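I have placed the structure first, in the form of structure tokens, so that the comments after it can refer back to it.
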Amino acid sequence: MPDRGRLTFIIGGARSGKSAHAETLVTALPSPWTYIATAQAYDDEMRERIALHRARRGAGWTTIDAPLDLAGALEALPDSRPVLVDCLTLWLTNHMLADHDLGFECRRLADVLSRPRGPWFVVSNEVGQGIVPDNALARRFRDEAGRLNQQIAAIADTVLLMVAGLPLKVK
């Protein structure tokens, strides 16, 4: 289990158990726990997903919504607090759809994540193991997500790959 001031990066495919495992790691540490959510509820299905995540977490969590300013949300946190960021790929999508400068935003986030002030856990989707998408936007997303995941994995103290609910230690 990571000590204070360490970054754990948890990556895997859809429904691989990333979020649930990250929550287990965080709740093994003393509370209070902070959950930084990057999702935006644009439709009923996404509202339901968000509600299920909140219900699963239960008491003891403070939730901060940071669909765009994730770096700012992390910088504003008190030291030593266990933090779960879920997830980088939704955050990246939000910036892509807003037509923001992805290079700048990713560098800013990586800079903050390279200096964790507590046990920080970051969840992301592995999107590069499937088929090549059939449209330019989807290919751009896959490429940008792959670059961001590599950047965060490089600075993380621990990298876990989730496969069928099982964590595999990569780093």
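Each chain in the structure tokens gets a letter, A, B, ..., in the order shown, and its residues are numbered from 1; ligands are numbered from 1 in order too.
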Contact residues around A:Leu97 with only C-alpha atoms at 12 Å, ignoring same-chain residues under 2 positions, as an MDAnalysis selection string: chainID A and resid 40 67:68 90:95 99:102 137:138 140:141
Could you please take those selected residues and save all heavy atoms as a short mmCIF file (atom, residue, chain, number, x, y, z; two decimals), in the first residue's frame?
```
data_model
loop_
_atom_site.label_atom_id
_atom_site.label_comp_id
_atom_site.auth_asym_id
_atom_site.auth_seq_id
_atom_site.Cartn_x
_atom_site.Cartn_y
_atom_site.Cartn_z
N GLN A 40 -19.34 14.26 -16.34
CA GLN A 40 -20.43 15.20 -16.47
C GLN A 40 -21.67 14.41 -16.91
O GLN A 40 -21.58 13.58 -17.79
CB GLN A 40 -20.10 16.28 -17.49
CG GLN A 40 -18.90 17.12 -17.06
CD GLN A 40 -18.62 18.26 -18.01
OE1 GLN A 40 -19.24 19.30 -17.92
NE2 GLN A 40 -17.69 18.03 -18.92
N PRO A 67 -14.65 18.53 -13.68
CA PRO A 67 -14.64 18.03 -15.05
C PRO A 67 -13.56 18.66 -15.93
O PRO A 67 -13.14 18.05 -16.91
CB PRO A 67 -16.03 18.36 -15.57
CG PRO A 67 -16.52 19.47 -14.71
CD PRO A 67 -15.87 19.27 -13.37
N LEU A 68 -13.09 19.85 -15.56
CA LEU A 68 -12.06 20.52 -16.36
C LEU A 68 -10.83 20.91 -15.55
O LEU A 68 -9.71 20.66 -15.97
CB LEU A 68 -12.64 21.76 -17.05
CG LEU A 68 -13.67 21.46 -18.14
CD1 LEU A 68 -14.37 22.73 -18.58
CD2 LEU A 68 -13.02 20.75 -19.32
N LEU A 90 -12.28 10.58 -18.89
CA LEU A 90 -13.43 11.50 -18.95
C LEU A 90 -12.94 12.95 -18.91
O LEU A 90 -13.46 13.81 -19.63
CB LEU A 90 -14.40 11.23 -17.80
CG LEU A 90 -15.25 9.98 -17.95
CD1 LEU A 90 -16.06 9.73 -16.69
CD2 LEU A 90 -16.16 10.08 -19.16
N TRP A 91 -11.94 13.22 -18.08
CA TRP A 91 -11.36 14.56 -18.03
C TRP A 91 -10.81 14.96 -19.40
O TRP A 91 -11.06 16.07 -19.88
CB TRP A 91 -10.26 14.58 -16.95
CG TRP A 91 -9.47 15.84 -16.90
CD1 TRP A 91 -9.80 16.99 -16.25
CD2 TRP A 91 -8.19 16.07 -17.50
NE1 TRP A 91 -8.81 17.93 -16.42
CE2 TRP A 91 -7.82 17.39 -17.19
CE3 TRP A 91 -7.34 15.29 -18.29
CZ2 TRP A 91 -6.61 17.94 -17.63
CZ3 TRP A 91 -6.15 15.84 -18.72
CH2 TRP A 91 -5.80 17.16 -18.39
N LEU A 92 -10.10 14.05 -20.04
CA LEU A 92 -9.54 14.32 -21.36
C LEU A 92 -10.66 14.56 -22.38
O LEU A 92 -10.58 15.50 -23.18
CB LEU A 92 -8.67 13.13 -21.81
CG LEU A 92 -7.99 13.27 -23.16
CD1 LEU A 92 -6.94 14.38 -23.12
CD2 LEU A 92 -7.36 11.95 -23.56
N THR A 93 -11.71 13.77 -22.33
CA THR A 93 -12.85 13.95 -23.22
C THR A 93 -13.46 15.34 -23.04
O THR A 93 -13.77 16.03 -24.03
CB THR A 93 -13.93 12.88 -22.94
OG1 THR A 93 -13.38 11.60 -23.21
CG2 THR A 93 -15.17 13.10 -23.79
N ASN A 94 -13.62 15.76 -21.79
CA ASN A 94 -14.19 17.08 -21.52
C ASN A 94 -13.36 18.18 -22.18
O ASN A 94 -13.91 19.12 -22.77
CB ASN A 94 -14.29 17.32 -20.01
CG ASN A 94 -15.22 16.35 -19.33
OD1 ASN A 94 -16.11 15.77 -19.95
ND2 ASN A 94 -15.01 16.15 -18.04
N HIS A 95 -12.04 18.07 -22.09
CA HIS A 95 -11.17 19.07 -22.71
C HIS A 95 -11.21 18.99 -24.23
O HIS A 95 -11.19 20.03 -24.91
CB HIS A 95 -9.74 18.94 -22.19
CG HIS A 95 -9.55 19.57 -20.85
ND1 HIS A 95 -9.51 20.92 -20.66
CD2 HIS A 95 -9.42 19.02 -19.62
CE1 HIS A 95 -9.35 21.19 -19.37
NE2 HIS A 95 -9.30 20.04 -18.72
N ASP A 99 -12.55 21.90 -26.93
CA ASP A 99 -11.51 22.37 -27.86
C ASP A 99 -10.41 23.13 -27.14
O ASP A 99 -9.91 24.15 -27.62
CB ASP A 99 -12.12 23.22 -28.98
CG ASP A 99 -11.21 23.28 -30.19
OD1 ASP A 99 -10.42 22.34 -30.40
OD2 ASP A 99 -11.27 24.30 -30.93
N HIS A 100 -10.02 22.63 -25.96
CA HIS A 100 -8.94 23.24 -25.19
C HIS A 100 -7.59 22.75 -25.70
O HIS A 100 -7.50 21.75 -26.42
CB HIS A 100 -9.08 22.92 -23.71
CG HIS A 100 -10.25 23.58 -23.08
ND1 HIS A 100 -10.77 23.19 -21.87
CD2 HIS A 100 -11.03 24.63 -23.47
CE1 HIS A 100 -11.79 23.95 -21.55
NE2 HIS A 100 -11.98 24.82 -22.51
N ASP A 101 -6.54 23.41 -25.29
CA ASP A 101 -5.18 23.04 -25.65
C ASP A 101 -4.79 21.82 -24.82
O ASP A 101 -4.43 21.95 -23.63
CB ASP A 101 -4.25 24.22 -25.36
CG ASP A 101 -2.79 23.95 -25.69
OD1 ASP A 101 -2.38 22.77 -25.79
OD2 ASP A 101 -2.04 24.93 -25.84
N LEU A 102 -4.88 20.64 -25.42
CA LEU A 102 -4.63 19.40 -24.67
C LEU A 102 -3.20 19.29 -24.17
O LEU A 102 -2.97 18.80 -23.06
CB LEU A 102 -4.98 18.18 -25.52
CG LEU A 102 -6.45 18.04 -25.91
CD1 LEU A 102 -6.64 16.77 -26.72
CD2 LEU A 102 -7.34 18.05 -24.70
N LEU A 137 -12.03 11.61 -34.91
CA LEU A 137 -12.16 12.04 -33.52
C LEU A 137 -11.83 10.91 -32.56
O LEU A 137 -11.10 11.09 -31.59
CB LEU A 137 -13.57 12.58 -33.24
CG LEU A 137 -13.83 13.03 -31.80
CD1 LEU A 137 -12.89 14.15 -31.39
CD2 LEU A 137 -15.28 13.45 -31.64
N ALA A 138 -12.34 9.73 -32.84
CA ALA A 138 -12.09 8.58 -31.97
C ALA A 138 -10.61 8.19 -32.00
O ALA A 138 -10.03 7.83 -30.97
CB ALA A 138 -12.96 7.40 -32.37
N ARG A 140 -8.13 10.26 -32.61
CA ARG A 140 -7.44 11.32 -31.87
C ARG A 140 -7.57 11.09 -30.36
O ARG A 140 -6.59 11.20 -29.62
CB ARG A 140 -7.98 12.69 -32.24
CG ARG A 140 -7.27 13.81 -31.49
CD ARG A 140 -7.74 15.19 -31.92
NE ARG A 140 -7.10 16.18 -31.07
CZ ARG A 140 -7.73 17.18 -30.48
NH1 ARG A 140 -9.03 17.36 -30.67
NH2 ARG A 140 -7.08 18.03 -29.72
N PHE A 141 -8.78 10.74 -29.91
CA PHE A 141 -8.98 10.46 -28.49
C PHE A 141 -8.09 9.31 -28.04
O PHE A 141 -7.42 9.41 -27.01
CB PHE A 141 -10.45 10.13 -28.20
CG PHE A 141 -10.65 9.62 -26.81
CD1 PHE A 141 -10.62 10.49 -25.73
CD2 PHE A 141 -10.82 8.27 -26.56
CE1 PHE A 141 -10.77 10.02 -24.43
CE2 PHE A 141 -10.97 7.79 -25.27
CZ PHE A 141 -10.94 8.67 -24.20
#
```
Secondary structure check, strand (DSSP E or B) residues of stretch 2-171 of chain A, as a count of residues only: 38
Exercise: A:Arg81 partners within 9 Å, only C-alpha atoms, chain neighbours under 4 positions left out, as a PyMOL selection string: chain A and resi 4+30-34+77+117-120
I need the residues from that last selection saved to file as a CSV table (one decimal), in the first residue's frame (with N, CA and C atoms), if you can.
```csv
chain,number,residue,atom,x,y,z
A,4,ARG,N,2.4,8.0,2.3
A,4,ARG,CA,2.1,9.4,2.1
A,4,ARG,C,2.9,10.0,0.9
A,30,PRO,N,-6.6,6.0,6.6
A,30,PRO,CA,-7.5,6.8,7.5
A,30,PRO,C,-8.3,7.8,6.7
A,31,SER,N,-9.6,8.0,7.1
A,31,SER,CA,-10.4,9.1,6.4
A,31,SER,C,-9.9,10.4,7.1
A,32,PRO,N,-10.3,11.6,6.5
A,32,PRO,CA,-11.3,11.7,5.4
A,32,PRO,C,-10.7,11.4,4.0
A,33,TRP,N,-11.6,10.9,3.1
A,33,TRP,CA,-11.2,10.6,1.8
A,33,TRP,C,-11.8,11.5,0.8
A,34,THR,N,-11.1,11.9,-0.2
A,34,THR,CA,-11.6,12.8,-1.2
A,34,THR,C,-11.7,12.1,-2.5
A,77,LEU,N,-6.3,20.9,-2.4
A,77,LEU,CA,-6.5,20.0,-1.3
A,77,LEU,C,-5.5,20.1,-0.2
A,117,ARG,N,0.8,15.3,-2.5
A,117,ARG,CA,1.0,15.7,-1.1
A,117,ARG,C,0.3,14.8,-0.2
A,118,GLY,N,0.0,13.6,-0.6
A,118,GLY,CA,-0.6,12.6,0.1
A,118,GLY,C,-0.7,11.3,-0.7
A,119,PRO,N,-1.4,10.3,-0.2
A,119,PRO,CA,-1.6,9.1,-1.1
A,119,PRO,C,-2.7,9.4,-2.1
A,120,TRP,N,-2.3,9.6,-3.4
A,120,TRP,CA,-3.2,10.0,-4.5
A,120,TRP,C,-3.3,8.8,-5.4
```
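Distances from A:His53, A:Arg6, A:Arg108, A:Arg115 to A:Glu23 were compared using only C-alpha atoms, and the smallest one belongs to A:His53.
For the pair atom CA of A:Gly72 and atom CA of A:Ala110, the separation is 11.9 Å.
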Among listed residues A:Ala71, A:Val163, A:Ala154, A:Ala66, nearest A:Arg107 (using only C-alpha atoms): A:Ala71
Using only C-alpha atoms: which of A:Ala76, A:Leu88, A:Val170, A:Leu29 has the shortest distance to A:Gly60: A:Leu29
With only C-alpha atoms counted and 8 Å as the cut-off, give the residues of stretch 54-161 of chain A in contact with stretch 11-17 of chain A, each with its shortest interatomic distance in Å and the pair that gives it, as a Markdown table.
```
| residue | atom | partner | partner_atom | distance |
| --- | --- | --- | --- | --- |
| A:Val123 | CA | A:Ile11 | CA | 5.8 |
| A:Ser124 | CA | A:Ile11 | CA | 4.9 |
| A:Asn125 | CA | A:Gly12 | CA | 5.2 |
| A:Glu126 | CA | A:Gly12 | CA | 4.9 |
| A:Val127 | CA | A:Gly13 | CA | 6.8 |
| A:Val159 | CA | A:Ile11 | CA | 7.6 |
| A:Leu160 | CA | A:Ile11 | CA | 6.3 |
| A:Leu161 | CA | A:Ile11 | CA | 5.0 |
```
